[in-house]
Amino acid sequence: MTDQQLRDLLWDLASQQRWFPGRGGTVAGARAGEAVEVHDARLLPAVLEVAFPDGRREDYLIPLVLRDGKPPMDACDDGAVLLEALRSGAPGFEATRPIPAGLPARRFAGEQSNTTVFFSDQLLVKVFRRIEPGINVDVELHEVLAGSGVAAELYGRWRVDGTDYAVFLEALPDPTDGYVLACRHARDGADFTTHAWALGEALATVHRTLAERLPSDTTASGAVLAAGFRRRFAQVEAEVDEVATHSAAVDAVFGAIADEVVATQRIHGDCHLGQVLLTRGRWVYVDFEGEPMASLEERRAPDTPLRDLAGMLRSFGYARADGGAPASWLLACRRAFLEGYGLDPDVPNPLLTAYETDKAGYEVSYEARYRPHLMRVPLDFLSELPEGA
Ligand SMILES: Nc1ncnc2c1ncn2[C@@H]1O[C@H](COP(=O)(O)OP(=O)(O)O)[C@@H](O)[C@H]1O
Ligand SMILES: O=P(O)(O)O[C@H]1O[C@H](CO)[C@@H](O[C@H]2O[C@H](CO)[C@@H](O)[C@H](O)[C@H]2O)[C@H](O)[C@H]1O
């Protein structure tokens, strides 16, 4: 295949995909690594390089399966090759447990920023699409959380020249999405506190395990955190006029943490109810990649566990709004979640409020851009902040 043919092929394959935000860009190049022999096929790790008008460049992985007499195809549509590559120990593939042979492959059809292929109901591979040089945080943290019971077990990885291309994980049996379940409870006016408590307990296990296995001797000062929150909120103010009425209350929330000093550690980083699955009575956290817009360096940096707690608390607020539940439903979820985590909900926690406020500000601008009909949800949270917090 010539260089031009590879560029055209990858662009065609990517352009049809929901995970590909590269349409606003142009092809800057295409490259292919060493092909891997798997039975009667060859697996070619191909990467499309996309340039954007603002100067950004992004790399998108489109592993190709090449078979004699057939057009090349995205390996995610021929997932058996990926499983067999792991099982047979093909170059770059490393299994961390025994891999069953011949499981039927099914590509996940839902909205996703990467691409997941399930193998029967036993395991899955998540192929990373936008790749960055180095270790992928999702792989790193799944490895660290092995055996903790609050994350899926790692089955292996595909790593090329020190960069993670894919992670193989246990497929959790009978999974139910946490946000879907919470919204259903809110709609039915059903009690969600047992689940909220268990989610808090599971998050405490995530944090404890990460702190034990990836210790970090770092702290964050409230003044620095507040400065960051204020900068981010100023951007929201510039974008959405309606937040101006809440500016004084928000400023007071951020001002209240100036004297704090908190320990930092590795955290989930993008915690919300859409990142937890209930599997046979147990809550499991998924997708440890951190905030998609943050750089790899930012996503690997220690942070305070309160960011994860705040993300989850905000999510209960969304579920309440979605299901039209009363304020008491939300309050009960919040209390149960904090208690399950090991915090006393009656003890004021200005730092946690500051993280929630920061997240709500971010949500206002996210909703203004993508889902204006939901902008009221974070705005309502801001409107409930006490004036002189
Ligand atoms: N171990 C797992 N077992 C079963 N389903 C999973 C597992 N991990 C993730 N999922 C589901 O697969 C989908 C995509 O997973 P996710 O890790 O969030 O992908 P992305 O990084 O592309 O957003 C989600 O619907 C999630 O609930
Ligand atoms: O899951 P992503 O990392 O892509 O996060 C983005 O989209 C989320 C919505 O899908 C958005 O989350 C917000 O809405 C959720 C309900 O739809 C709610 O559970 C979250 O708490 C709320 O923040 C997230 O902010 C955005 O970054």
# chains A, B, ... in the order shown; residues from 1 in each chain; ligands from 1

$ residues_near_ligand --ligand "ligand 1" --cutoff "8 Å" --atoms "only C-alpha atoms and all ligand atoms" --output "ChimeraX atom specification"
/A:108,110-116,123-124,126,128,151-153,169-177,274-277,286-289

$ residues_near_ligand --ligand "ligand 2" --cutoff "10 Å" --atoms "only C-alpha atoms and all ligand atoms" --output "PyMOL selection string"
chain A and resi 111-113+178-180+182-183+269-275+287+289-293+310-319+321-322+359-367+370-371+374+377-378

$ write_last_selection --atoms "N, CA and C atoms" --output "short mmCIF file (atom, residue, chain, number, x, y, z; two decimals), in the first residue's frame"
data_model
loop_
_atom_site.label_atom_id
_atom_site.label_comp_id
_atom_site.auth_asym_id
_atom_site.auth_seq_id
_atom_site.Cartn_x
_atom_site.Cartn_y
_atom_site.Cartn_z
N GLU A 111 -22.49 4.92 22.11
CA GLU A 111 -21.67 6.13 21.97
C GLU A 111 -20.38 5.96 22.77
N GLN A 112 -19.25 6.22 22.19
CA GLN A 112 -17.97 5.96 22.86
C GLN A 112 -16.86 6.80 22.26
N SER A 113 -15.88 7.15 23.10
CA SER A 113 -14.75 7.88 22.52
C SER A 113 -13.66 6.92 22.06
N GLY A 178 -24.91 3.02 36.06
CA GLY A 178 -25.31 3.71 37.28
C GLY A 178 -26.23 4.89 37.04
N TYR A 179 -26.00 5.64 35.97
CA TYR A 179 -26.84 6.82 35.71
C TYR A 179 -28.25 6.40 35.31
N VAL A 180 -28.33 5.37 34.49
CA VAL A 180 -29.64 4.87 34.06
C VAL A 180 -30.42 4.39 35.28
N ALA A 182 -29.98 5.20 38.49
CA ALA A 182 -30.32 6.28 39.42
C ALA A 182 -31.50 7.10 38.87
N CYS A 183 -31.51 7.36 37.55
CA CYS A 183 -32.62 8.13 36.96
C CYS A 183 -33.92 7.35 37.11
N GLY A 269 -10.67 10.73 38.40
CA GLY A 269 -10.48 11.91 37.56
C GLY A 269 -11.66 12.32 36.70
N ASP A 270 -12.59 11.39 36.46
CA ASP A 270 -13.75 11.75 35.62
C ASP A 270 -14.95 10.99 36.17
N CYS A 271 -15.19 11.22 37.46
CA CYS A 271 -16.12 10.38 38.20
C CYS A 271 -17.56 10.89 38.04
N HIS A 272 -18.44 10.05 37.55
CA HIS A 272 -19.87 10.35 37.56
C HIS A 272 -20.63 9.04 37.43
N LEU A 273 -21.96 9.12 37.54
CA LEU A 273 -22.75 7.88 37.58
C LEU A 273 -22.67 7.08 36.27
N GLY A 274 -22.28 7.75 35.18
CA GLY A 274 -22.10 7.03 33.92
C GLY A 274 -20.80 6.22 33.89
N GLN A 275 -20.02 6.30 34.93
CA GLN A 275 -18.73 5.59 34.99
C GLN A 275 -18.76 4.46 36.02
N ASP A 287 -13.52 3.07 33.27
CA ASP A 287 -13.00 4.20 32.48
C ASP A 287 -12.15 5.17 33.32
N GLU A 289 -9.61 6.84 32.49
CA GLU A 289 -8.75 7.69 31.63
C GLU A 289 -8.67 9.15 32.06
N GLY A 290 -9.53 9.57 33.00
CA GLY A 290 -9.55 10.97 33.40
C GLY A 290 -10.35 11.81 32.41
N GLU A 291 -10.36 13.13 32.64
CA GLU A 291 -11.14 14.02 31.76
C GLU A 291 -10.58 13.98 30.35
N PRO A 292 -11.43 13.71 29.36
CA PRO A 292 -10.93 13.54 28.00
C PRO A 292 -10.19 14.76 27.44
N MET A 293 -10.57 15.97 27.89
CA MET A 293 -9.94 17.16 27.32
C MET A 293 -8.58 17.47 27.97
N ALA A 310 -16.97 14.98 44.44
CA ALA A 310 -17.79 16.08 43.93
C ALA A 310 -18.45 15.69 42.61
N GLY A 311 -17.71 14.99 41.75
CA GLY A 311 -18.27 14.56 40.47
C GLY A 311 -19.49 13.69 40.68
N MET A 312 -19.38 12.79 41.61
CA MET A 312 -20.49 11.87 41.88
C MET A 312 -21.68 12.62 42.50
N LEU A 313 -21.40 13.54 43.40
CA LEU A 313 -22.50 14.31 44.02
C LEU A 313 -23.25 15.11 42.95
N ARG A 314 -22.52 15.70 42.03
CA ARG A 314 -23.17 16.44 40.94
C ARG A 314 -24.06 15.51 40.12
N SER A 315 -23.59 14.28 39.95
CA SER A 315 -24.34 13.32 39.15
C SER A 315 -25.68 12.96 39.80
N PHE A 316 -25.70 12.86 41.14
CA PHE A 316 -26.98 12.62 41.82
C PHE A 316 -27.94 13.77 41.51
N GLY A 317 -27.40 14.99 41.43
CA GLY A 317 -28.23 16.15 41.10
C GLY A 317 -28.84 16.02 39.71
N TYR A 318 -28.04 15.56 38.76
CA TYR A 318 -28.56 15.35 37.40
C TYR A 318 -29.64 14.26 37.39
N ALA A 319 -29.40 13.18 38.12
CA ALA A 319 -30.37 12.07 38.13
C ALA A 319 -31.69 12.55 38.75
N ALA A 321 -32.85 15.60 38.71
CA ALA A 321 -33.53 16.47 37.74
C ALA A 321 -34.15 15.63 36.63
N ASP A 322 -33.40 14.65 36.15
CA ASP A 322 -33.89 13.79 35.06
C ASP A 322 -35.18 13.07 35.46
N LYS A 359 -17.14 22.12 39.38
CA LYS A 359 -17.71 21.17 38.41
C LYS A 359 -19.01 21.72 37.82
N ALA A 360 -19.83 22.34 38.67
CA ALA A 360 -21.09 22.90 38.17
C ALA A 360 -20.82 24.02 37.16
N GLY A 361 -19.79 24.80 37.41
CA GLY A 361 -19.41 25.85 36.45
C GLY A 361 -19.01 25.23 35.12
N TYR A 362 -18.18 24.20 35.19
CA TYR A 362 -17.77 23.48 33.97
C TYR A 362 -19.01 22.94 33.24
N GLU A 363 -19.95 22.42 34.03
CA GLU A 363 -21.16 21.84 33.43
C GLU A 363 -22.01 22.90 32.73
N VAL A 364 -22.04 24.10 33.32
CA VAL A 364 -22.81 25.16 32.66
C VAL A 364 -22.27 25.38 31.25
N SER A 365 -20.95 25.46 31.13
CA SER A 365 -20.42 25.73 29.78
C SER A 365 -20.56 24.49 28.89
N TYR A 366 -20.42 23.28 29.47
CA TYR A 366 -20.63 22.05 28.68
C TYR A 366 -22.06 22.01 28.14
N GLU A 367 -23.02 22.29 29.02
CA GLU A 367 -24.43 22.21 28.60
C GLU A 367 -24.76 23.33 27.62
N TYR A 370 -23.43 21.93 24.34
CA TYR A 370 -23.92 20.66 23.76
C TYR A 370 -25.37 20.33 24.10
N ARG A 371 -25.85 20.73 25.30
CA ARG A 371 -27.21 20.32 25.67
C ARG A 371 -27.91 21.48 26.40
N LEU A 374 -30.33 21.31 29.26
CA LEU A 374 -29.94 20.83 30.59
C LEU A 374 -29.18 21.89 31.41
N VAL A 377 -29.79 22.58 35.14
CA VAL A 377 -29.39 21.66 36.23
C VAL A 377 -28.19 22.24 37.00
N PRO A 378 -27.08 22.54 36.34
CA PRO A 378 -25.98 23.15 37.11
C PRO A 378 -26.30 24.57 37.57
#

$ select_by_dssp --residues "range 260-313 of chain A" --states "strand (DSSP E or B)" --output "JSON, numbers by chain"
{"A": [261, 262, 263, 264, 265, 276, 277, 278, 279, 282, 283, 284, 285, 303]}

$ write_last_selection --atoms "all heavy atoms" --output "short mmCIF file (atom, residue, chain, number, x, y, z; two decimals), in the first residue's frame"
data_model
loop_
_atom_site.label_atom_id
_atom_site.label_comp_id
_atom_site.auth_asym_id
_atom_site.auth_seq_id
_atom_site.Cartn_x
_atom_site.Cartn_y
_atom_site.Cartn_z
N VAL A 261 -4.82 22.99 53.31
CA VAL A 261 -3.73 22.25 52.65
C VAL A 261 -4.18 20.79 52.63
O VAL A 261 -4.53 20.24 53.67
CB VAL A 261 -2.40 22.36 53.42
CG1 VAL A 261 -1.32 21.50 52.75
CG2 VAL A 261 -1.94 23.81 53.49
N VAL A 262 -4.24 20.20 51.46
CA VAL A 262 -4.76 18.83 51.38
C VAL A 262 -3.78 17.90 50.69
O VAL A 262 -3.07 18.29 49.75
CB VAL A 262 -6.09 18.74 50.60
CG1 VAL A 262 -7.27 19.01 51.50
CG2 VAL A 262 -6.09 19.64 49.40
N ALA A 263 -3.80 16.63 51.15
CA ALA A 263 -2.95 15.61 50.52
C ALA A 263 -3.54 15.26 49.15
O ALA A 263 -4.75 15.27 48.97
CB ALA A 263 -2.93 14.37 51.40
N THR A 264 -2.67 14.99 48.21
CA THR A 264 -3.13 14.59 46.88
C THR A 264 -2.61 13.20 46.54
O THR A 264 -1.63 12.73 47.12
CB THR A 264 -2.68 15.61 45.80
OG1 THR A 264 -1.27 15.74 45.87
CG2 THR A 264 -3.33 16.95 46.00
N GLN A 265 -3.28 12.56 45.60
CA GLN A 265 -2.92 11.19 45.21
C GLN A 265 -3.52 10.93 43.83
O GLN A 265 -4.22 11.79 43.30
CB GLN A 265 -3.50 10.21 46.23
CG GLN A 265 -5.03 10.27 46.29
CD GLN A 265 -5.65 9.02 46.91
OE1 GLN A 265 -5.83 8.96 48.12
NE2 GLN A 265 -5.98 8.05 46.06
N VAL A 276 -19.96 4.08 36.44
CA VAL A 276 -20.07 2.96 37.38
C VAL A 276 -21.07 1.96 36.85
O VAL A 276 -22.07 2.33 36.23
CB VAL A 276 -20.50 3.42 38.80
CG1 VAL A 276 -19.35 4.11 39.50
CG2 VAL A 276 -21.73 4.31 38.77
N LEU A 277 -20.78 0.70 37.07
CA LEU A 277 -21.68 -0.38 36.64
C LEU A 277 -22.04 -1.22 37.84
O LEU A 277 -21.17 -1.56 38.65
CB LEU A 277 -20.98 -1.25 35.59
CG LEU A 277 -20.66 -0.59 34.25
CD1 LEU A 277 -19.83 -1.52 33.37
CD2 LEU A 277 -21.93 -0.17 33.52
N LEU A 278 -23.32 -1.56 37.93
CA LEU A 278 -23.77 -2.50 38.97
C LEU A 278 -23.74 -3.88 38.34
O LEU A 278 -24.41 -4.13 37.33
CB LEU A 278 -25.18 -2.14 39.42
CG LEU A 278 -25.77 -3.02 40.52
CD1 LEU A 278 -24.97 -2.90 41.81
CD2 LEU A 278 -27.24 -2.64 40.79
N THR A 279 -22.94 -4.76 38.89
CA THR A 279 -22.80 -6.10 38.33
C THR A 279 -23.06 -7.11 39.44
O THR A 279 -22.27 -7.22 40.37
CB THR A 279 -21.41 -6.29 37.66
OG1 THR A 279 -21.21 -7.67 37.40
CG2 THR A 279 -20.26 -5.77 38.52
N ARG A 282 -22.80 -5.73 42.88
CA ARG A 282 -21.53 -5.08 43.26
C ARG A 282 -21.31 -3.87 42.34
O ARG A 282 -21.55 -3.97 41.13
CB ARG A 282 -20.42 -6.10 43.07
CG ARG A 282 -19.00 -5.63 43.27
CD ARG A 282 -18.06 -6.84 43.26
NE ARG A 282 -18.06 -7.57 41.99
CZ ARG A 282 -17.08 -7.54 41.10
NH1 ARG A 282 -16.01 -6.83 41.33
NH2 ARG A 282 -17.16 -8.24 39.98
N TRP A 283 -20.87 -2.76 42.93
CA TRP A 283 -20.57 -1.57 42.10
C TRP A 283 -19.11 -1.58 41.68
O TRP A 283 -18.21 -1.79 42.51
CB TRP A 283 -20.86 -0.29 42.88
CG TRP A 283 -22.32 0.01 42.95
CD1 TRP A 283 -23.16 -0.17 44.00
CD2 TRP A 283 -23.14 0.55 41.89
NE1 TRP A 283 -24.44 0.21 43.68
CE2 TRP A 283 -24.46 0.66 42.38
CE3 TRP A 283 -22.88 0.95 40.57
CZ2 TRP A 283 -25.51 1.14 41.61
CZ3 TRP A 283 -23.94 1.43 39.80
CH2 TRP A 283 -25.23 1.53 40.32
N VAL A 284 -18.89 -1.33 40.40
CA VAL A 284 -17.54 -1.32 39.84
C VAL A 284 -17.33 -0.02 39.07
O VAL A 284 -18.21 0.42 38.33
CB VAL A 284 -17.36 -2.54 38.89
CG1 VAL A 284 -16.05 -2.46 38.14
CG2 VAL A 284 -17.43 -3.84 39.69
N TYR A 285 -16.20 0.62 39.29
CA TYR A 285 -15.86 1.85 38.56
C TYR A 285 -15.15 1.49 37.26
O TYR A 285 -14.29 0.60 37.24
CB TYR A 285 -14.97 2.76 39.44
CG TYR A 285 -15.79 3.48 40.51
CD1 TYR A 285 -16.21 2.80 41.65
CD2 TYR A 285 -16.19 4.80 40.35
CE1 TYR A 285 -17.00 3.43 42.61
CE2 TYR A 285 -16.97 5.44 41.30
CZ TYR A 285 -17.38 4.75 42.43
OH TYR A 285 -18.17 5.37 43.37
N ASP A 303 -4.10 14.40 42.54
CA ASP A 303 -5.17 15.39 42.73
C ASP A 303 -5.87 15.01 44.03
O ASP A 303 -5.57 13.97 44.63
CB ASP A 303 -6.15 15.28 41.53
CG ASP A 303 -6.99 16.54 41.35
OD1 ASP A 303 -7.13 17.30 42.32
OD2 ASP A 303 -7.50 16.73 40.24
#

$ residues_around --residues "Arg334 in chain A" --least-positions-apart "2" --cutoff "10 Å" --atoms "only C-alpha atoms" --output "PyMOL selection string"
chain A and resi 193+196-197+200+309+312-314+316-317+328-332+336-340+345

$ residues_around --residues "range 7-15 of chain A" --least-positions-apart "6" --cutoff "8 Å" --atoms "only C-alpha atoms" --output "compact mmCIF listing (two decimals) with N, CA, C and O atoms, in the first residue's frame"
# COMPACT_ATOMS: atom_id res chain seq x y z
N GLY A 22 -12.25 14.43 13.86
CA GLY A 22 -11.23 15.03 13.01
C GLY A 22 -11.74 15.67 11.74
O GLY A 22 -10.98 16.14 10.91
N ARG A 23 -13.09 15.71 11.57
CA ARG A 23 -13.62 16.23 10.30
C ARG A 23 -13.27 17.70 10.11
O ARG A 23 -13.15 18.17 8.99
N VAL A 27 -5.82 15.74 6.82
CA VAL A 27 -4.84 14.68 7.01
C VAL A 27 -3.44 15.29 6.99
O VAL A 27 -3.08 15.97 6.03
N GLY A 29 -0.84 13.16 7.84
CA GLY A 29 0.02 12.03 7.51
C GLY A 29 -0.61 10.73 7.96
O GLY A 29 -1.67 10.73 8.58
N ALA A 30 0.04 9.64 7.62
CA ALA A 30 -0.41 8.32 8.06
C ALA A 30 0.84 7.48 8.23
O ALA A 30 1.82 7.65 7.50
N ALA A 46 -2.09 0.93 12.30
CA ALA A 46 -2.00 2.11 11.45
C ALA A 46 -2.52 3.33 12.20
O ALA A 46 -3.46 3.23 12.99
N VAL A 47 -1.88 4.45 11.96
CA VAL A 47 -2.22 5.68 12.69
C VAL A 47 -2.44 6.82 11.69
O VAL A 47 -1.62 7.04 10.79
N LEU A 48 -3.56 7.50 11.85
CA LEU A 48 -3.87 8.66 11.01
C LEU A 48 -3.50 9.92 11.78
O LEU A 48 -3.93 10.10 12.92
N ILE A 62 -6.10 3.25 13.98
CA ILE A 62 -7.06 2.42 13.24
C ILE A 62 -6.34 1.13 12.86
O ILE A 62 -5.75 1.03 11.78
N ASP A 74 -11.11 -2.31 9.51
CA ASP A 74 -10.82 -1.92 10.89
C ASP A 74 -10.85 -3.19 11.74
O ASP A 74 -11.84 -3.93 11.72

$ closest_residue --among "A:Arg266, A:Arg157, A:His246, A:Arg299" --to "Gly89 in chain A" --atoms "only C-alpha atoms"
A:Arg157

$ atom_distance --atom1 "CA of Gln235 in chain A" --atom2 "CA of Met375 in chain A"
15.9 Å

$ residues_around --residues "Met73 in chain A" --least-positions-apart "5" --cutoff "9 Å" --atoms "only C-alpha atoms" --output "number ranges by chain"
A: 13, 63-66, 78

$ write_last_selection --atoms "all heavy atoms" --output "tab-separated table (two decimals), in the first residue's frame"
chain	number	residue	atom	x	y	z
A	13	LEU	N	-12.10	5.30	6.61
A	13	LEU	CA	-12.58	4.48	7.74
A	13	LEU	C	-12.94	5.35	8.93
A	13	LEU	O	-13.97	5.15	9.58
A	13	LEU	CB	-11.51	3.45	8.15
A	13	LEU	CG	-11.30	2.27	7.20
A	13	LEU	CD1	-10.08	1.45	7.63
A	13	LEU	CD2	-12.54	1.38	7.15
A	63	PRO	N	-6.33	0.15	13.77
A	63	PRO	CA	-5.63	-1.10	13.45
A	63	PRO	C	-6.34	-1.79	12.30
A	63	PRO	O	-7.57	-1.90	12.30
A	63	PRO	CB	-5.74	-1.91	14.75
A	63	PRO	CG	-6.83	-1.30	15.55
A	63	PRO	CD	-7.04	0.09	15.06
A	64	LEU	N	-5.57	-2.23	11.32
A	64	LEU	CA	-6.18	-2.84	10.13
A	64	LEU	C	-5.95	-4.34	10.11
A	64	LEU	O	-4.88	-4.82	10.50
A	64	LEU	CB	-5.54	-2.25	8.86
A	64	LEU	CG	-5.75	-0.75	8.64
A	64	LEU	CD1	-4.93	-0.29	7.43
A	64	LEU	CD2	-7.23	-0.43	8.45
A	65	VAL	N	-6.95	-5.07	9.65
A	65	VAL	CA	-6.76	-6.50	9.41
A	65	VAL	C	-6.62	-6.69	7.90
A	65	VAL	O	-7.48	-6.23	7.13
A	65	VAL	CB	-7.96	-7.32	9.94
A	65	VAL	CG1	-7.84	-8.77	9.50
A	65	VAL	CG2	-8.00	-7.25	11.46
A	66	LEU	N	-5.52	-7.33	7.51
A	66	LEU	CA	-5.27	-7.57	6.08
A	66	LEU	C	-5.40	-9.06	5.83
A	66	LEU	O	-4.77	-9.87	6.53
A	66	LEU	CB	-3.85	-7.10	5.70
A	66	LEU	CG	-3.47	-5.68	6.16
A	66	LEU	CD1	-2.01	-5.39	5.81
A	66	LEU	CD2	-4.39	-4.64	5.51
A	78	ASP	N	-13.32	-7.00	13.16
A	78	ASP	CA	-12.84	-8.38	12.99
A	78	ASP	C	-12.11	-8.74	14.28
A	78	ASP	O	-10.95	-9.16	14.28
A	78	ASP	CB	-11.91	-8.44	11.77
A	78	ASP	CG	-11.58	-9.86	11.33
A	78	ASP	OD1	-11.92	-10.79	12.09
A	78	ASP	OD2	-11.01	-10.04	10.24

$ atom_distance --atom1 "CA of Gly189 in chain A" --atom2 "CA of Ala325 in chain A"
6.0 Å

$ select_by_dssp --residues "range 331-383 of chain A" --states "alpha helix (DSSP H)" --output "CSV table (one decimal) with C-alpha atoms, in the first residue's frame"
chain,number,residue,atom,x,y,z
A,331,LEU,CA,-30.3,15.0,50.0
A,332,ALA,CA,-30.7,11.3,51.1
A,333,CYS,CA,-28.4,10.1,48.2
A,334,ARG,CA,-25.8,12.7,49.1
A,335,ARG,CA,-25.8,11.8,52.8
A,336,ALA,CA,-25.7,8.0,52.1
A,337,PHE,CA,-22.9,8.4,49.5
A,338,LEU,CA,-20.7,10.5,51.9
A,339,GLU,CA,-21.4,8.1,54.8
A,340,GLY,CA,-20.5,5.1,52.6
A,341,TYR,CA,-17.2,6.8,51.7
A,350,PRO,CA,-15.8,23.8,52.2
A,351,LEU,CA,-13.3,22.1,49.9
A,352,LEU,CA,-15.9,19.6,48.7
A,353,THR,CA,-18.3,22.5,48.1
A,354,ALA,CA,-15.6,24.3,46.1
A,355,TYR,CA,-15.0,21.2,43.9
A,356,GLU,CA,-18.7,20.8,43.3
A,357,THR,CA,-19.0,24.5,42.5
A,358,ASP,CA,-16.1,24.2,40.0
A,359,LYS,CA,-17.7,21.2,38.4
A,360,ALA,CA,-21.1,22.9,38.2
A,361,GLY,CA,-19.4,25.9,36.4
A,362,TYR,CA,-17.8,23.5,34.0
A,363,GLU,CA,-21.2,21.8,33.4
A,364,VAL,CA,-22.8,25.2,32.7
A,365,SER,CA,-20.4,25.7,29.8
A,366,TYR,CA,-20.6,22.0,28.7
A,367,GLU,CA,-24.4,22.2,28.6
A,368,ALA,CA,-24.5,25.6,26.9
A,369,ARG,CA,-22.4,24.1,24.1
A,370,TYR,CA,-23.9,20.7,23.8
A,376,ARG,CA,-30.8,24.7,34.3
A,377,VAL,CA,-29.4,21.7,36.2
A,378,PRO,CA,-26.0,23.2,37.1
A,379,LEU,CA,-27.4,26.7,37.2
A,380,ASP,CA,-29.9,25.5,39.9
A,381,PHE,CA,-27.0,24.2,41.9
A,382,LEU,CA,-25.2,27.6,41.7
A,383,SER,CA,-28.4,29.4,42.6

$ closest_residue --among "A:Pro372, A:Gly323, A:Gly102, A:Pro305" --to "Leu181 in chain A" --atoms "only C-alpha atoms"
A:Gly323

$ closest_atom_pairs --of "range 110-157 of chain A" --to "range 202-213 of chain A" --cutoff "8 Å" --atoms "only C-alpha atoms" --output "CSV"
residue,atom,partner,partner_atom,distance
A:Leu141,CA,A:Leu210,CA,7.9
A:Val144,CA,A:Arg213,CA,6.6
A:Leu145,CA,A:Thr209,CA,6.6
A:Ser148,CA,A:Thr209,CA,7.3
A:Val150,CA,A:Ala202,CA,6.0

$ write_last_selection --atoms "N, CA, C and O atoms" --output "PDB file, in the first residue's frame"
ATOM      1  N   LEU A 141      -4.144   2.244  35.685  1.00  0.00           N
ATOM      2  CA  LEU A 141      -4.941   2.157  36.912  1.00  0.00           C
ATOM      3  C   LEU A 141      -5.681   0.829  37.021  1.00  0.00           C
ATOM      4  O   LEU A 141      -5.863   0.300  38.125  1.00  0.00           O
ATOM      5  N   VAL A 144      -3.169  -1.402  38.519  1.00  0.00           N
ATOM      6  CA  VAL A 144      -2.953  -1.097  39.937  1.00  0.00           C
ATOM      7  C   VAL A 144      -4.131  -1.584  40.795  1.00  0.00           C
ATOM      8  O   VAL A 144      -3.954  -2.018  41.936  1.00  0.00           O
ATOM      9  N   LEU A 145      -5.341  -1.556  40.239  1.00  0.00           N
ATOM     10  CA  LEU A 145      -6.537  -1.899  41.020  1.00  0.00           C
ATOM     11  C   LEU A 145      -6.860  -3.399  40.966  1.00  0.00           C
ATOM     12  O   LEU A 145      -7.905  -3.826  41.476  1.00  0.00           O
ATOM     13  N   SER A 148      -8.976  -5.629  43.579  1.00  0.00           N
ATOM     14  CA  SER A 148      -9.625  -4.753  44.570  1.00  0.00           C
ATOM     15  C   SER A 148     -11.132  -4.978  44.620  1.00  0.00           C
ATOM     16  O   SER A 148     -11.800  -4.576  45.569  1.00  0.00           O
ATOM     17  N   VAL A 150     -13.323  -3.470  42.911  1.00  0.00           N
ATOM     18  CA  VAL A 150     -14.080  -2.275  42.526  1.00  0.00           C
ATOM     19  C   VAL A 150     -13.705  -1.795  41.124  1.00  0.00           C
ATOM     20  O   VAL A 150     -14.080  -0.708  40.704  1.00  0.00           O
TER      21      VAL A 150
END
